[in-house]
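Novice: Data: final_2.cif, mmCIF, C-alpha atoms.
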data_upload
#
loop_
_atom_site.label_atom_id
_atom_site.label_comp_id
_atom_site.auth_asym_id
_atom_site.auth_seq_id
_atom_site.Cartn_x
_atom_site.Cartn_y
_atom_site.Cartn_z
CA MET A 1 3.00 -39.89 -228.75
CA ILE A 2 3.11 -37.44 -225.83
CA GLY A 3 0.76 -34.48 -225.92
CA VAL A 4 0.58 -31.47 -223.62
CA LEU A 5 -2.67 -29.64 -222.90
CA VAL A 6 -4.02 -26.92 -220.64
CA GLN A 7 -7.39 -26.33 -219.02
CA TRP A 8 -9.95 -24.39 -221.04
CA SER A 9 -13.58 -23.96 -220.17
CA PRO A 10 -15.15 -27.42 -219.78
CA PRO A 11 -17.10 -27.49 -223.09
CA ILE A 12 -13.75 -27.15 -224.94
CA VAL A 13 -11.20 -28.88 -222.69
CA ASP A 14 -12.12 -30.13 -219.22
CA LEU A 15 -9.25 -31.61 -217.21
CA SER A 16 -11.20 -31.86 -213.96
CA VAL A 17 -12.70 -35.25 -214.85
CA ARG A 18 -11.32 -38.56 -216.03
CA PRO A 19 -11.39 -39.27 -218.88
CA TYR A 20 -10.91 -35.69 -220.08
CA LYS A 21 -13.91 -34.10 -221.78
CA GLY A 22 -14.67 -31.28 -224.22
CA PHE A 23 -15.23 -31.12 -227.96
CA HIS A 24 -11.53 -30.45 -228.69
CA ILE A 25 -10.59 -33.58 -226.72
CA GLU A 26 -13.28 -35.59 -228.53
CA LEU A 27 -11.92 -34.46 -231.90
CA PHE A 28 -8.40 -35.40 -230.81
CA ARG A 29 -9.53 -38.91 -229.84
CA ILE A 30 -11.21 -39.38 -233.23
CA ILE A 31 -7.97 -38.38 -234.98
CA MET A 32 -5.89 -40.74 -232.86
CA GLU A 33 -8.34 -43.58 -233.53
CA HIS A 34 -8.16 -42.99 -237.28
CA LEU A 35 -4.35 -42.97 -237.18
CA GLY A 36 -4.11 -45.90 -234.76
CA TRP A 37 -1.74 -44.01 -232.47
CA CYS A 38 -1.29 -44.46 -228.75
CA TYR A 39 -0.89 -41.29 -226.72
CA HIS A 40 -0.25 -39.90 -223.27
CA LEU A 41 -1.53 -36.48 -222.18
CA LEU A 42 -0.05 -34.26 -219.49
CA GLU A 43 -0.29 -30.69 -218.20
CA PRO A 44 2.57 -28.15 -218.15
CA PRO A 45 3.96 -27.47 -214.66
CA ASP A 46 2.62 -23.89 -214.62
CA LYS A 47 -0.70 -24.97 -216.24
CA LYS A 48 -0.44 -22.14 -218.79
CA LEU A 49 -0.58 -22.06 -222.56
CA GLY A 50 2.42 -19.74 -222.53
CA PHE A 51 3.93 -17.00 -224.67
CA LYS A 52 7.32 -15.38 -225.28
CA GLU A 53 8.58 -13.63 -222.15
CA ASN A 54 12.09 -12.25 -221.64
CA GLY A 55 13.25 -14.04 -224.79
CA ASN A 56 11.93 -17.49 -223.81
CA PHE A 57 8.60 -19.23 -224.30
CA THR A 58 6.73 -20.27 -221.17
CA GLY A 59 4.10 -22.89 -220.38
CA ALA A 60 2.98 -25.52 -222.87
CA THR A 61 4.40 -23.47 -225.77
CA GLY A 62 7.85 -23.63 -224.16
CA MET A 63 7.59 -27.41 -223.82
CA ILE A 64 6.95 -27.66 -227.57
CA VAL A 65 9.88 -25.35 -228.39
CA ARG A 66 12.20 -27.47 -226.21
CA GLU A 67 10.75 -30.64 -227.85
CA GLU A 68 9.81 -32.10 -224.48
CA VAL A 69 6.48 -33.23 -225.97
CA ASP A 70 5.28 -34.17 -229.46
CA MET A 71 2.09 -32.15 -229.72
CA LEU A 72 0.36 -29.16 -228.17
CA MET A 73 -3.33 -29.90 -227.80
CA GLY A 74 -4.53 -26.34 -227.37
CA PRO A 75 -6.64 -25.30 -229.08
CA VAL A 76 -3.96 -22.71 -229.72
CA ALA A 77 -4.42 -19.50 -231.70
CA GLN A 78 -2.36 -19.25 -234.87
CA ASP A 79 -1.06 -15.76 -234.09
CA THR A 80 2.17 -14.13 -235.15
CA SER A 81 3.63 -14.15 -231.63
CA ARG A 82 3.79 -17.96 -231.65
CA ALA A 83 4.35 -18.51 -235.40
CA MET A 84 8.16 -18.75 -235.04
CA ALA A 85 7.86 -21.31 -232.25
CA LEU A 86 5.00 -23.59 -233.32
CA ASN A 87 4.20 -25.58 -236.44
CA PHE A 88 0.42 -25.25 -236.58
CA ALA A 89 -1.91 -27.97 -237.78
CA TYR A 90 -4.80 -27.26 -240.14
CA GLY A 91 -6.93 -24.50 -238.57
CA TYR A 92 -10.28 -26.21 -238.16
CA PHE A 93 -12.17 -23.27 -236.61
CA GLN A 94 -11.89 -19.50 -236.47
CA SER A 95 -12.65 -17.28 -233.53
CA SER A 96 -12.62 -13.59 -232.69
CA SER A 97 -12.22 -12.31 -229.13
CA SER A 98 -14.93 -10.97 -226.83
CA LEU A 99 -15.26 -9.07 -223.57
CA ILE A 100 -17.09 -11.05 -220.87
CA TYR A 101 -18.94 -9.04 -218.21
CA ARG A 102 -21.89 -9.31 -215.85
CA ARG A 103 -25.21 -9.32 -217.68
CA ILE A 104 -27.39 -6.23 -217.19
CA THR A 105 -30.93 -7.55 -216.72
CA HIS A 106 -33.00 -4.49 -215.85
CA THR A 107 -33.59 -1.01 -217.15
CA GLN A 108 -32.12 1.81 -215.11
CA PRO A 109 -34.33 4.69 -213.93
CA ASP A 110 -33.83 7.93 -215.82
CA MET A 111 -34.40 11.25 -214.03
CA PHE A 112 -35.10 12.96 -217.37
CA ILE A 113 -37.51 10.35 -218.73
CA LEU A 114 -40.56 12.61 -218.30
CA THR A 115 -39.02 15.10 -220.73
CA LYS A 116 -38.37 12.56 -223.48
CA PRO A 117 -41.88 12.21 -225.01
CA PHE A 118 -41.15 15.48 -226.89
CA PHE A 119 -37.98 16.61 -228.60
CA ASN A 120 -36.16 19.59 -227.13
CA GLN A 121 -37.40 21.80 -229.95
CA ARG A 122 -41.03 20.91 -229.16
CA TRP A 123 -40.55 21.77 -225.47
CA LEU A 124 -38.99 25.06 -226.51
CA ASP A 125 -41.96 25.83 -228.76
CA LEU A 126 -44.40 25.13 -225.92
CA LEU A 127 -42.40 27.26 -223.51
CA LEU A 128 -42.23 30.20 -225.91
CA CYS A 129 -45.93 29.92 -226.75
CA SER A 130 -47.00 29.77 -223.10
CA SER A 131 -44.71 32.61 -222.02
CA THR A 132 -45.94 34.78 -224.89
CA ILE A 133 -49.56 34.22 -223.96
CA PHE A 134 -49.12 34.88 -220.24
CA THR A 135 -46.88 37.91 -220.64
CA THR A 136 -48.83 39.68 -223.36
CA ALA A 137 -52.38 38.66 -222.51
CA ASP A 138 -54.67 41.43 -221.29
CA LEU A 139 -57.76 39.80 -219.80
CA SER A 140 -59.67 43.09 -219.80
CA HIS A 141 -59.63 42.99 -223.61
CA ALA A 142 -60.32 39.25 -223.91
CA PRO A 143 -63.06 38.37 -226.42
CA LYS A 144 -66.53 38.02 -224.96
CA GLY A 145 -69.51 35.93 -225.98
CA ASP A 146 -69.21 33.40 -228.80
CA ALA A 147 -65.73 34.58 -229.83
CA GLY A 148 -64.43 34.03 -226.30
CA HIS A 149 -66.06 30.61 -226.09
CA MET A 150 -64.52 29.62 -229.44
CA LEU A 151 -61.04 30.76 -228.33
CA THR A 152 -61.36 28.83 -225.08
CA ILE A 153 -62.52 25.68 -226.87
CA SER A 154 -59.63 25.94 -229.37
CA TRP A 155 -57.12 26.38 -226.56
CA LEU A 156 -58.54 23.39 -224.64
CA PHE A 157 -58.53 21.25 -227.81
CA VAL A 158 -54.88 22.06 -228.56
CA SER A 159 -53.94 21.39 -224.93
CA PHE A 160 -55.83 18.09 -225.01
CA MET A 161 -54.01 17.01 -228.19
CA PHE A 162 -50.61 17.87 -226.72
CA ALA A 163 -51.46 16.01 -223.50
CA LEU A 164 -52.65 12.98 -225.48
CA MET A 165 -49.48 12.91 -227.58
CA TYR A 166 -47.38 13.27 -224.44
CA LYS A 167 -49.18 10.36 -222.75
CA CYS A 168 -48.85 8.07 -225.78
CA ASN A 169 -45.17 8.87 -226.29
CA LEU A 170 -44.36 8.38 -222.61
CA LYS A 171 -46.13 5.02 -222.61
CA ALA A 172 -44.18 3.95 -225.69
CA ILE A 173 -40.91 4.95 -224.02
CA LEU A 174 -41.71 2.99 -220.86
CA ILE A 175 -42.72 -0.10 -222.87
CA ASN A 176 -39.68 -0.05 -225.14
CA ASP A 177 -37.19 1.32 -222.64
CA LYS A 178 -33.83 -0.18 -223.54
CA ILE A 179 -31.34 -1.64 -221.11
CA LYS A 180 -28.35 0.68 -220.86
CA LEU A 181 -25.26 -1.41 -221.54
CA PRO A 182 -21.93 -0.19 -220.14
CA PHE A 183 -20.27 -0.86 -223.54
CA THR A 184 -20.89 -2.84 -226.72
CA ASN A 185 -17.51 -2.68 -228.46
CA ALA A 186 -13.84 -1.90 -227.90
CA GLU A 187 -14.20 1.82 -228.58
CA GLU A 188 -16.94 2.25 -225.98
CA PHE A 189 -14.96 0.16 -223.47
CA ALA A 190 -11.83 2.26 -224.01
CA ASN A 191 -13.78 5.49 -223.40
CA GLN A 192 -15.53 4.39 -220.19
CA ASN A 193 -14.05 4.49 -216.68
CA GLU A 194 -16.30 2.05 -214.82
CA TYR A 195 -14.81 -1.32 -215.87
CA LEU A 196 -11.23 -2.61 -215.81
CA LEU A 197 -9.78 -5.31 -218.06
CA THR A 198 -8.19 -8.68 -217.38
CA TRP A 199 -7.41 -11.95 -219.16
CA ILE A 200 -6.30 -15.48 -218.36
CA ASP A 201 -2.67 -15.64 -217.24
CA GLY A 202 -0.49 -17.25 -219.91
CA LYS A 203 -2.42 -16.01 -222.94
CA VAL A 204 -1.03 -13.54 -225.46
CA TYR A 205 -3.35 -10.62 -224.70
CA GLY A 206 -0.74 -8.98 -222.48
CA PRO A 207 1.97 -8.63 -225.15
CA PHE A 208 -0.74 -7.81 -227.71
CA TYR A 209 -2.22 -4.87 -225.77
CA LYS A 210 1.19 -3.64 -224.63
CA ALA A 211 2.46 -3.50 -228.22
CA HIS A 212 -0.60 -1.56 -229.36
CA ALA A 213 -0.27 0.84 -226.41
CA GLU A 214 3.30 1.63 -227.50
CA GLN A 215 2.55 1.86 -231.24
CA SER A 216 -0.89 3.47 -231.34
CA PRO A 217 -1.89 4.73 -227.86
CA GLU A 218 -4.65 6.94 -229.28
CA LYS A 219 -6.62 4.01 -230.75
CA PRO A 220 -9.17 1.98 -228.71
CA ILE A 221 -6.98 -1.15 -228.68
CA GLY A 222 -4.03 0.96 -227.54
CA LYS A 223 -6.03 2.37 -224.62
CA MET A 224 -6.88 -1.11 -223.30
CA TRP A 225 -3.45 -1.61 -221.73
CA ALA A 226 -4.03 1.23 -219.26
CA LYS A 227 -7.22 -0.46 -217.99
CA ARG A 228 -5.58 -3.76 -217.09
CA THR A 229 -5.80 -5.24 -213.62
CA GLU A 230 -4.43 -8.43 -212.04
CA LEU A 231 -4.57 -11.55 -214.24
CA ILE A 232 -6.79 -14.52 -213.45
CA SER A 233 -6.94 -18.28 -213.95
CA THR A 234 -9.37 -20.21 -216.11
CA ALA A 235 -11.46 -21.14 -213.07
CA GLU A 236 -11.90 -17.46 -212.11
CA VAL A 237 -13.37 -16.15 -215.37
CA ILE A 238 -17.08 -16.30 -214.43
CA SER A 239 -16.60 -15.32 -210.77
CA THR A 240 -14.48 -12.30 -211.77
CA ALA A 241 -17.04 -11.12 -214.32
CA LEU A 242 -19.91 -11.52 -211.83
CA THR A 243 -18.39 -10.06 -208.67
CA LYS A 244 -16.18 -7.24 -209.98
CA LYS A 245 -16.42 -4.32 -212.37
CA VAL A 246 -13.99 -6.16 -214.60
CA ALA A 247 -14.36 -7.39 -218.18
CA VAL A 248 -12.49 -10.56 -219.13
CA VAL A 249 -11.16 -10.74 -222.68
CA ASP A 250 -10.94 -14.18 -224.25
CA LEU A 251 -11.54 -15.91 -227.54
CA THR A 252 -15.22 -15.74 -228.43
CA LEU A 253 -15.38 -19.52 -228.62
CA GLY A 254 -13.98 -19.69 -225.10
CA ALA A 255 -16.36 -16.97 -223.92
CA LEU A 256 -19.32 -18.88 -225.36
CA SER A 257 -18.16 -22.05 -223.63
CA TYR A 258 -17.97 -20.26 -220.25
CA MET A 259 -21.47 -18.97 -220.91
CA ALA A 260 -22.71 -22.45 -221.83
CA GLU A 261 -21.13 -24.00 -218.74
CA ASP A 262 -22.64 -21.38 -216.43
CA PHE A 263 -26.09 -21.76 -217.99
CA SER A 264 -25.87 -25.56 -217.72
CA GLU A 265 -25.20 -25.31 -213.99
CA LEU A 266 -27.72 -22.62 -213.00
CA GLY A 267 -30.23 -22.43 -215.85
CA GLU A 268 -29.87 -18.65 -216.25
CA CYS A 269 -27.78 -16.28 -218.34
CA ARG A 270 -25.52 -14.31 -216.01
CA VAL A 271 -22.85 -12.95 -218.37
CA SER A 272 -22.88 -11.03 -221.65
CA LEU A 273 -20.38 -10.56 -224.46
CA ALA A 274 -19.13 -7.47 -226.27
CA ASP A 275 -16.82 -7.09 -229.24
CA SER A 276 -13.19 -6.70 -228.13
CA GLY A 277 -11.86 -5.33 -231.40
CA VAL A 278 -9.29 -8.15 -231.70
CA GLU A 279 -9.13 -9.74 -235.14
CA LYS A 280 -10.20 -13.33 -235.76
CA VAL A 281 -7.61 -16.10 -235.56
CA TYR A 282 -7.58 -19.74 -236.60
CA MET A 283 -7.36 -22.35 -233.86
CA SER A 284 -5.96 -25.87 -233.93
CA PHE A 285 -3.23 -28.20 -232.65
CA ALA A 286 0.48 -27.38 -232.81
CA PHE A 287 3.76 -29.30 -233.18
CA PRO A 288 7.50 -28.68 -233.02
CA TRP A 289 8.94 -27.55 -236.32
CA LYS A 290 10.95 -30.78 -236.78
CA THR A 291 7.93 -33.05 -236.29
CA THR A 292 6.98 -35.89 -238.60
CA LEU A 293 3.48 -36.18 -237.14
CA LYS A 294 1.82 -33.05 -238.48
CA GLU A 295 1.29 -34.29 -242.04
CA ASP A 296 -0.75 -37.31 -240.89
CA VAL A 297 -2.78 -35.26 -238.44
CA ASP A 298 -3.53 -32.61 -241.10
CA ARG A 299 -4.73 -35.28 -243.52
CA VAL A 300 -7.23 -36.76 -241.07
CA LEU A 301 -8.25 -33.36 -239.67
CA LEU A 302 -9.04 -32.03 -243.16
CA ARG A 303 -11.22 -35.05 -243.92
CA LEU A 304 -13.08 -34.65 -240.64
CA TYR A 305 -13.59 -30.95 -241.32
CA GLN A 306 -14.99 -31.66 -244.78
CA ALA A 307 -17.41 -34.14 -243.17
CA GLY A 308 -18.55 -31.50 -240.67
CA ILE A 309 -17.44 -33.45 -237.57
CA PRO A 310 -15.65 -30.56 -235.75
CA GLN A 311 -18.57 -28.23 -236.42
CA GLN A 312 -21.05 -30.78 -235.07
CA LEU A 313 -19.01 -31.43 -231.92
CA GLN A 314 -18.67 -27.71 -231.32
CA ALA A 315 -22.40 -27.05 -231.78
CA MET A 316 -23.35 -29.90 -229.43
CA ASN A 317 -21.07 -28.70 -226.63
CA LEU A 318 -22.00 -25.02 -226.96
CA ARG A 319 -25.76 -25.41 -227.54
CA ASN A 320 -26.65 -23.82 -224.19
CA ALA A 321 -24.75 -20.64 -225.08
CA SER A 322 -27.14 -19.99 -227.98
CA TRP A 323 -29.95 -19.37 -225.48
CA CYS A 324 -27.96 -16.59 -223.80
CA THR A 325 -26.96 -14.92 -227.07
CA LYS A 326 -30.50 -14.57 -228.37
CA PRO A 327 -31.65 -10.95 -228.74
CA ASP A 328 -34.10 -9.83 -226.06
CA THR A 329 -37.45 -9.42 -227.85
CA LYS A 330 -39.57 -8.91 -224.75
CA HIS A 331 -41.21 -5.49 -224.49
CA GLU A 332 -42.84 -5.17 -221.10
CA SER A 333 -43.94 -1.91 -219.55
CA ARG A 334 -42.16 -0.93 -216.37
CA ALA A 335 -43.37 1.24 -213.52
CA ILE A 336 -42.01 4.75 -213.11
CA ALA A 337 -39.37 4.70 -210.39
CA VAL A 338 -38.68 7.44 -207.86
CA THR A 339 -35.45 8.25 -209.70
CA ASP A 340 -37.49 9.03 -212.81
CA LEU A 341 -39.14 11.89 -210.90
CA LEU A 342 -35.94 13.45 -209.57
CA GLY A 343 -35.94 15.93 -212.43
CA ILE A 344 -39.32 17.32 -211.31
CA PHE A 345 -38.22 17.34 -207.66
CA ILE A 346 -35.12 19.37 -208.58
CA ILE A 347 -37.19 21.88 -210.54
CA CYS A 348 -39.65 22.26 -207.63
CA ALA A 349 -36.79 22.70 -205.18
CA LEU A 350 -35.15 25.36 -207.30
CA GLY A 351 -38.47 27.12 -207.80
CA GLY A 352 -39.15 27.09 -204.08
#
Spell out the structure here as structure tokens.

Specialist:
Amino acid sequence: MIGVLVQWSPPIVDLSVRPYKGFHIELFRIIMEHLGWCYHLLEPPDKKLGFKENGNFTGATGMIVREEVDMLMGPVAQDTSRAMALNFAYGYFQSSSSLIYRRITHTQPDMFILTKPFFNQRWLDLLLCSSTIFTTADLSHAPKGDAGHMLTISWLFVSFMFALMYKCNLKAILINDKIKLPFTNAEEFANQNEYLLTWIDGKVYGPFYKAHAEQSPEKPIGKMWAKRTELISTAEVISTALTKKVAVVDLTLGALSYMAEDFSELGECRVSLADSGVEKVYMSFAFPWKTTLKEDVDRVLLRLYQAGIPQQLQAMNLRNASWCTKPDTKHESRAIAVTDLLGIFIICALGG
């Protein structure tokens, strides 16, 4: 049997070493061992998974359509754009898509942070109260003796309580100050102008976003097409996310594997994920429509799935990604930065 495969992130499919590694490759070897088949693996000339372009399928998908090989390793998404060309095996895992971008690791100074301990209505109440007192007060008729002392004490007590509440609220804000993320989902990404969008050359995101831009340009998915920039290769995913204001869209499983690989090499979490708004798809192997091999592969693959083998292989290879996807539960106070005081500086400058 001759199989064709393309490079994914190393935890899934790693073609940079011999023998090939990755949990998808390991699962394939188990299937071949069960069936007792010999096999030969090769890469497509353009090293792309491929999609339909100008009426013809490119990359590894095109090789399957032309029956140059017996099996497409993938893992390949069981999407409608390839359904007419490929005979998919049993989908042994499901994955959504995510946006990969540089991880934000620090809180950003806020020039209005000193106004946040009170709501706007409370500041307005204080302003009206103070202006009323200072504009209408006639010190010549101020109460004398015990009445004056009592009024002064009451005023100082109220001022002390407001100052204490302000201090406590400001401290709470500084302790629990949240990191400001550029976006957390497709709608927020579509409405921001800081980041562009890219994907791995040869994947179906291009035709997908283009079709949505033509059919529903007002929706978040339809707006993504206008934010596209030059396409990248598999090896450029992490470097693009880290060095440019560009988000890379890929299957969540692939995104997690890039994250796991990067953490394994450096021991730190440098990228984050956000929901891309793309629906989940099943992933598996694929065959030509006239194949006689799929039935045997499906039989063994289903048994392995029922035994939990694919899930175990996936968890073992992506275990480092779980560290980077944990919610940040640390609440440490930060110092007030100069930028936090800009609001006061502006007020003083205008007053001067």

Novice: (-8.8, -31.0, -214.8) in this file's frame - what residues fall within 12 Å of it? Use all atoms listed in the file and give the answer as a list in words.

Specialist: Leu5, Val6, Gln7, Trp8, Ser9, Pro10, Ile12, Val13, Asp14, Leu15, Ser16, Val17, Arg18, Pro19, Tyr20, Lys21, Gly22, Leu41, Leu42, Glu43, Lys47, Thr234 and Ala235 of chain A

Novice: Calculate how many Å separate atom CA of A:Gln306 from atom CA of A:Tyr282, rounding to one decimal.

Specialist: 16.2 Å

Novice: Fewer than 3 positions away in the same chain doesn't count, so skip those; otherwise give me all residues within 10 Å of A:Asn317, counting all atoms listed in the file, as a list in words.

Specialist: Pro10, Pro11, Ile12, Gly22, Phe23, His24, Ser257, Ala260, Glu261, Gln312, Leu313, Gln314, Asn320 and Ala321 of chain A

Novice: Kindly resolve the PyMOL selection byres ((chain A and resi 287) around 8) on the present coordinates and return the residues as a PyMOL selection string.

Specialist: chain A and resi 64+70-72+86-89+285-286+288-289+291+293-294

Novice: Would you work out the distance separating atom CA of A:Pro220 from atom CA of A:Asp275, expressed in Å to one decimal?

Specialist: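 That distance, rounded to one decimal, is 11.9 Å.
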
Novice: Take atom CA of A:Leu197 and atom CA of A:Val248 and report the distance between them in Å, one decimal.

Specialist: 6.0 Å

Novice: Where does the PyMOL selection byres ((chain A and resi 280) around 6) land in this file, that is, which residues does it pick, as a ChimeraX atom specification?

Specialist: /A:95-96,279,281

Novice: Which residue gives the smallest distance to A:Gly254 among A:Val300, A:Val237, A:Tyr195, A:Asn169, with all atoms listed in the file counted?

Specialist: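 With all atoms listed in the file as the atom set, the closest residue is A:Val237.
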
Novice: I want to know what sits within 9 Å of stretch 207-213 of chain A, based on all atoms listed in the file, with residues of the same chain fewer than 6 positions away left out; could you give that as a list in words?

Specialist: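 Everything that qualifies: Phe51, Lys52, Glu53, Ser81, Lys219, Ile221, Gly222, Lys223, Met224, Trp225 and Ala226 of chain A.
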
Novice: Can you pull out the residues contacting A:Leu99? Cut-off 6 Å, using all atoms listed in the file, and skip same-chain residues under 2 positions away; I want them as a list of chain:residue names.

Specialist: A:Ala247, A:Val248, A:Val249, A:Leu273, A:Ala274, A:Ser276

Novice: Kindly reconstruct stretch 231-243 of chain A with N, CA and C atoms and present the result as a short mmCIF file (atom, residue, chain, number, x, y, z; two decimals), in the coordinates of the input.

Specialist:
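Final output, part_24.cif:
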data_model
loop_
_atom_site.label_atom_id
_atom_site.label_comp_id
_atom_site.auth_asym_id
_atom_site.auth_seq_id
_atom_site.Cartn_x
_atom_site.Cartn_y
_atom_site.Cartn_z
N LEU A 231 -4.15 -10.45 -213.37
CA LEU A 231 -4.57 -11.55 -214.24
C LEU A 231 -5.26 -12.64 -213.42
N ILE A 232 -5.99 -13.50 -214.12
CA ILE A 232 -6.79 -14.52 -213.45
C ILE A 232 -6.50 -15.89 -214.06
N SER A 233 -7.04 -16.91 -213.42
CA SER A 233 -6.94 -18.28 -213.95
C SER A 233 -8.21 -18.63 -214.69
N THR A 234 -8.20 -19.76 -215.36
CA THR A 234 -9.37 -20.21 -216.11
C THR A 234 -10.58 -20.36 -215.19
N ALA A 235 -10.35 -20.89 -213.99
CA ALA A 235 -11.46 -21.14 -213.07
C ALA A 235 -12.08 -19.85 -212.53
N GLU A 236 -11.42 -18.71 -212.69
CA GLU A 236 -11.90 -17.46 -212.11
C GLU A 236 -12.62 -16.56 -213.11
N VAL A 237 -12.80 -17.01 -214.34
CA VAL A 237 -13.37 -16.15 -215.37
C VAL A 237 -14.78 -15.69 -214.99
N ILE A 238 -15.68 -16.64 -214.72
CA ILE A 238 -17.08 -16.30 -214.43
C ILE A 238 -17.19 -15.54 -213.11
N SER A 239 -16.49 -15.99 -212.08
CA SER A 239 -16.60 -15.32 -210.77
C SER A 239 -16.07 -13.88 -210.85
N THR A 240 -15.02 -13.65 -211.62
CA THR A 240 -14.48 -12.30 -211.77
C THR A 240 -15.48 -11.40 -212.48
N ALA A 241 -16.08 -11.92 -213.56
CA ALA A 241 -17.04 -11.12 -214.32
C ALA A 241 -18.28 -10.80 -213.48
N LEU A 242 -18.68 -11.70 -212.60
CA LEU A 242 -19.91 -11.52 -211.83
C LEU A 242 -19.72 -10.66 -210.59
N THR A 243 -18.56 -10.71 -209.97
CA THR A 243 -18.39 -10.06 -208.67
C THR A 243 -17.61 -8.75 -208.74
#
